[in-house]
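Chemist: Right, I'll just put the structure down here and ask away after.
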Amino acid sequence: MNNTTPRSQHVHTTATTIAQSETEDEVSPFFIDLSTLNEDSLDHLRSVGLLPPAKLPDDDYDDANDNNETPRRSNDHFNPLAIRLLRSAHTAYLVNALSDPLSRGFVSLDASHPWMVYWCLHSLDLLGYFDDDDEPSSGSTSGLMSDVLADVEVLQKGQLLSRIVSTLGACWTEVAVDILRDEVMGDARLRLLHHQQLEQQSAATDNTTCTVPQQDSSYTAIQAGGFGGGPQQMPHCAPTYAAVLSLSIVASLGLSKSNTHPYYKAGREALNLLSDKRLQMYAFFVSLRVDASQLYETNIVDSTAFRMQHDGEVDVRATYCLLAPAHLLGLLLDDDNVYQHGTNDDANTCTNSTNLLTTSSISRHIASCQTFEGGFGAEPHNEAHGGYTFCALAALRILNAVHTTDVQALRGWLARRQLGYEGGFCGRTNKLVDGCYSFWQGGAVAVLDGWLLEQKHTDSDSMETVDTDEQSNEILFDELLLQRYILLCAQDVKGGLRDKPSKQRDFYHSCYNLSGLSVAQHKVCHTWPCRDVDASKRNDGLNEMFGDAKFNVVGRTDPVINIRVERVQFMLGQQFHDSDSD
Amino acid sequence: MIDFQTVFSDITPVPQNEGKEPPVCSIAYAPEFIEAYDYLRALLRKDERSNRALDLTTLCLKLNPANYTVWHYRRMILVELGGGGIDDAAITKDLDFADDLGGTNPKNYQLWYHRRALLEIRFKNATEENGIDAAKKELKYVDRILEDDSKNYHAWSHRQWIIRTMNNSDLWKSEIEYSHTKIKDDPRNNSAWSQRWFATHRGQVASFAGLGTFISCDELRKKGVILSSELADEEAHYALCGAEIDPYNESPWRYLIGVLMEQWRCAQRENNSHEISKAVELITNNISNIKELKHSLKDNPPLKEGAAPCVSLMSALVDLLELFVENEELLKEASNLCKELAEVDTVRRKYWRKRDANVMNII
């Protein structure tokens, strides 16, 4: 591809233009025309895995790529200068991070354990680490050493998944919350949870001192819960998001296999954990609501924001971090048929059910965080920022309220965030490229494009109807340039991905570079959740690919939730039965 | 450092329970980290709110300032020790503590939230005058942080919170000045442009989609939710001056479009002919100003390389021209610009083709 995209321009030199020029200088060596390199340099690139081996054996793709779902185009010509995703180096880095103790320097992430798990697990899932692992053949009669090793590997992966569930389970904590009695009675999920807890209490009080429920109070005490940043830490939205997404990945991996497969047990445990705790999480989320009309005096009546934790900051991250897991756990449905087996008086006094996490006051608050630039800030009037924009948009998608924002302004702002020279995204206007925005901004484009595509499919009067562009499910940003930035500038040859070449690799940047790569590679889905799960196995499901196309394909992530579409599909297919307490 | 054996002789430390299987992503803690946190867990379990517990949170936060559970616990202890509130001396002490932990470029949520939580109490308890003084002092602190990192997101957000909370006319005015100073320092400091918007709007939100009941433009202007016509004129002028300094700088252009679109959308929404003609005039004036700048750039290219196409300027023009949905000439102009942008702003070629298709669709 053409390596000479124009550099940024300025008339007036400032701190910003200096930093920008330095960054362009920093990345430019990576854009060198490979055909001008001497054989020694090419050999070096081959030895680290950035280029395919010089002489490619016929079955190289099978060996190098433990992911058979990558499409094979038999008519593809072998290109010795096609840049490769360092699959095995990244895999080793991430597996190591999960399984071996991290050095003491990681204590700054001691309140982010579920995040670390999610970053590594989702990255590995995108790399296809858990794909197509056959069950160890009980009568492994072949006797081939390779088969035996493969069996051991699958067992080890199964153990890793079990350890993940155990670690996340240890991060679960409960917290007593007071919720308005009327709200508890008006919400089928809270009613059921309250009822279950009363029954548990009365069963427990048979042999202990009886605590009389305070009937006169306008509040109802509920034992809520969520995941904390580590064992014995307070529940918090962000680790709850990370833990629920991780457990969903494990559940989907395990339960799509037979019950004798090494992944199955971990999958079962993960789903049980989620299923046991989901109503308590719902109560926790509800207890984090904040009256935003009061907080921001916004002239907007009835607007709801959320705190990240009790006694914690309010911003749109919180809204997204609780809506995404609530969506996966079927907690945003308005259907209260499922909940009609409550038998006590309270449960029957109210037949209507209001879902407290889908009220229009929530999307009203999110919309008020959109700025004059078009992106969203953490709170009303904060500067438009990639991370918050993703959270705002994805939350609105979940609430089916994208139309309440200025879509054209948002589209323009997102488009302007891709840097012409570097090819990656920046987080804010006049800021530097950073690999993590490959997903925050790139994913937001995918969410928005998907929504617009859906509008077009469902509403013929939509203003996007006339579309001269025949490839309308192509993503709106420049997917080749983004892939180029990720593959050339963000990969550390030792494994792991980074912000930019001068920065160290880390789990966070590994996750969001790979997620961004996924978004850049796969065509936009016109439904959400995406039902065409197998699209990525076909060539027509892919965008234009940078580098070694066959080798570089990663799994398809759901841009709203950011776990693979198969995982979302699996979770949404679950019927959670909130059994009465036993 | 704490002499645990003496100070906590009555406490049995509680080790971290990492689950029944070998944990993933576990950290090989230093021995002093384990000791401090084992005792912390023991005190948390008892919910002991004492001076020694406060000292322990100090140690634990030094070891990891991102542990939100410890920060929360610390606030509970401070309230308890203050007999149900936190006195001003303790607030000062803890603000300093948070400052020390953050270093010169604090970027963790907990440190900033701790400041907010403490200052909320200080502001609430203060007389009006004392409150303003306290706010000014905190604004100075934030300024010090912005000296080091002029785009620190938390710091700007914190400034907004202080000013919004005090809601004092002088503070609103001086914040416009402050943003101006920062814009002068670096016209590409987009945070400063964003702050200017916040200050000129006095923190009020004009999210038209969100405004439930219909309020007239006049009403919105009176409340200050949208700029008065005069102020809109001034701010558009300010933005254009910024764009003249460096037309390749996106920030003033987007500020300009923001100011103009706000007036336009309000008028559209009201569908009042007087309002609409006012907005049309404002935008028409600005279109000619932008075109003038465009021509002067062509005649006197500011860059050595020659007349490099100015994407930000052209984008702004498209945004304005396409508003005139009944004027085919202006729409064609917009369409031509989109076509040109698709050629010169290659990373966004698909976007410009879409924009062009939308404009053509109106024609």
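Letters for chains follow the order of the structure tokens (A, B, ...), residue numbers begin at 1 for each chain, and ligand numbers begin at 1 in the order shown.
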Please provide the set of residues having any atom within 7 Å of Asp499 in chain A, restricted to only C-alpha atoms, with same-chain residues fewer than 2 positions apart removed, written as a list in words.

Modeler: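 Everything that qualifies: Asp434, Gly435, Cys436, Ala490, Lys503 and His509 of chain A.
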
Chemist: Could you save those same residues with N, CA and C atoms as a PDB file, in the first residue's frame?

Modeler:
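Below is the file that was written, again20.pdb:
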ATOM      1  N   ASP A 434      -3.229   7.044  19.901  1.00  0.00           N
ATOM      2  CA  ASP A 434      -3.028   6.046  20.957  1.00  0.00           C
ATOM      3  C   ASP A 434      -3.777   4.791  20.523  1.00  0.00           C
ATOM      4  N   GLY A 435      -3.056   3.645  20.544  1.00  0.00           N
ATOM      5  CA  GLY A 435      -3.631   2.385  20.072  1.00  0.00           C
ATOM      6  C   GLY A 435      -4.938   1.997  20.734  1.00  0.00           C
ATOM      7  N   CYS A 436      -5.168   2.426  21.969  1.00  0.00           N
ATOM      8  CA  CYS A 436      -6.406   1.998  22.638  1.00  0.00           C
ATOM      9  C   CYS A 436      -7.637   2.609  21.984  1.00  0.00           C
ATOM     10  N   ALA A 490       1.861  -0.574  16.877  1.00  0.00           N
ATOM     11  CA  ALA A 490       1.377  -0.918  18.221  1.00  0.00           C
ATOM     12  C   ALA A 490       1.852  -2.288  18.703  1.00  0.00           C
ATOM     13  N   LYS A 503       5.947   3.792  23.959  1.00  0.00           N
ATOM     14  CA  LYS A 503       5.318   3.365  25.214  1.00  0.00           C
ATOM     15  C   LYS A 503       5.460   1.857  25.410  1.00  0.00           C
ATOM     16  N   HIS A 509      -3.768  -2.021  26.631  1.00  0.00           N
ATOM     17  CA  HIS A 509      -3.556  -1.673  25.224  1.00  0.00           C
ATOM     18  C   HIS A 509      -3.576  -2.905  24.314  1.00  0.00           C
TER      19      HIS A 509
END

Chemist: Can you pull out every residue from range 396-429 of chain A that DSSP, working from the backbone, puts in alpha helix (DSSP H), and format the result as a PyMOL selection string?

Modeler: chain A and resi 396-398+407-416

Chemist: Residues of the last selection are to be written out with C-alpha atoms, as a PDB file, in the first residue's frame.

Modeler:
ATOM      1  CA  LEU A 396     -27.657   4.532  23.993  1.00  0.00           C
ATOM      2  CA  ARG A 397     -27.541   1.588  21.595  1.00  0.00           C
ATOM      3  CA  ILE A 398     -28.456  -0.749  24.429  1.00  0.00           C
ATOM      4  CA  VAL A 407     -26.047  11.758  15.003  1.00  0.00           C
ATOM      5  CA  GLN A 408     -24.480  13.792  12.187  1.00  0.00           C
ATOM      6  CA  ALA A 409     -22.327  15.817  14.598  1.00  0.00           C
ATOM      7  CA  LEU A 410     -21.212  12.613  16.285  1.00  0.00           C
ATOM      8  CA  ARG A 411     -20.378  11.023  12.956  1.00  0.00           C
ATOM      9  CA  GLY A 412     -18.242  13.986  11.944  1.00  0.00           C
ATOM     10  CA  TRP A 413     -16.402  14.085  15.269  1.00  0.00           C
ATOM     11  CA  LEU A 414     -15.641  10.352  15.089  1.00  0.00           C
ATOM     12  CA  ALA A 415     -14.435  10.663  11.496  1.00  0.00           C
ATOM     13  CA  ARG A 416     -12.102  13.521  12.444  1.00  0.00           C
TER      14      ARG A 416
END

Chemist: With only C-alpha atoms as the counted atoms, please give the residues lying no more than 8 Å from Leu517 in chain A, apart from itself and same-chain residues fewer than 2 positions off, as a list in words.

Modeler: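 Selected residues are Ser438, Phe439, Leu482, Gln483, Ile486, Asn513, Leu514, Ser515, Val519, Ala520, Gln521 and Val554 of chain A.
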
Chemist: Please, what distance in Å, to one decimal, runs between CA of Ile362 in chain B and CA of Leu330 in chain B?

Modeler: 11.5 Å

Chemist: Considering only C-alpha atoms, state which residue in the set A:Leu323, A:Leu481, A:Ala242, A:Leu247 is at the smallest distance from chain B.

Modeler: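 Counting only C-alpha atoms, the residue closest to chain B is A:Leu481.
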
Chemist: Tell me as number ranges by chain which residues belonging to chain B come within 7 Å of chain A, counting only C-alpha atoms.

Modeler: B: 16-30, 64, 66-67, 69, 72, 113, 157, 186, 188, 190-191, 194, 198, 203-205, 207, 209-212, 245-246, 248, 251, 254, 258, 302-303, 347-348, 350-351, 357, 361

Chemist: How far is it from CA of Gly49 in chain A to CA of Leu85 in chain A, in Å with one decimal?

Modeler: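 Distance reported for this atom pair: 8.0 Å.
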
Chemist: Give the answer as one residue: which of B:Met76, B:Ala53, B:Leu40, B:Ile2 has the shortest atom-to-atom distance to Val14 in chain B, using only C-alpha atoms?

Modeler: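 Closest to Val14 in chain B, using only C-alpha atoms: B:Leu40.
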
Chemist: Identify all residues of range 17-218 of chain A in strand (DSSP E or B) (DSSP on the backbone) and supply them as a list of chain:residue names.

Modeler: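 Checking each residue of range 17-218 of chain A, the strand (DSSP E or B) ones are A:Leu102, A:Trp172, A:Thr173, A:Glu174, A:Val175, A:Ala176, A:Val177, A:Asp178, A:Ile179, A:Leu180.
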
Chemist: Put those residues in a file: N, CA and C atoms, as a short mmCIF file (atom, residue, chain, number, x, y, z; two decimals), in the first residue's frame.

Modeler:
data_model
loop_
_atom_site.label_atom_id
_atom_site.label_comp_id
_atom_site.auth_asym_id
_atom_site.auth_seq_id
_atom_site.Cartn_x
_atom_site.Cartn_y
_atom_site.Cartn_z
N LEU A 102 2.13 -11.88 38.75
CA LEU A 102 2.69 -10.65 38.19
C LEU A 102 3.64 -10.03 39.21
N TRP A 172 -16.43 -11.22 44.25
CA TRP A 172 -17.83 -10.86 44.49
C TRP A 172 -18.01 -10.34 45.92
N THR A 173 -18.71 -9.26 46.08
CA THR A 173 -19.04 -8.77 47.43
C THR A 173 -20.46 -8.26 47.47
N GLU A 174 -21.04 -8.38 48.64
CA GLU A 174 -22.41 -7.92 48.82
C GLU A 174 -22.42 -6.62 49.60
N VAL A 175 -23.50 -5.89 49.44
CA VAL A 175 -23.62 -4.63 50.14
C VAL A 175 -25.11 -4.37 50.37
N ALA A 176 -25.42 -3.89 51.57
CA ALA A 176 -26.82 -3.61 51.88
C ALA A 176 -27.20 -2.25 51.30
N VAL A 177 -28.30 -2.21 50.57
CA VAL A 177 -28.75 -0.93 50.02
C VAL A 177 -30.21 -0.68 50.41
N ASP A 178 -30.58 0.58 50.49
CA ASP A 178 -31.97 0.94 50.76
C ASP A 178 -32.57 1.48 49.47
N ILE A 179 -33.64 0.87 49.04
CA ILE A 179 -34.31 1.33 47.82
C ILE A 179 -35.74 1.70 48.19
N LEU A 180 -36.24 2.75 47.59
CA LEU A 180 -37.61 3.19 47.88
C LEU A 180 -38.57 2.02 47.78
#

Chemist: Could you work out how far CA of His158 in chain B lies from CA of Glu128 in chain B, giving the answer in Å with one decimal?

Modeler: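 Separation of CA of Glu128 in chain B and CA of His158 in chain B: 19.9 Å.
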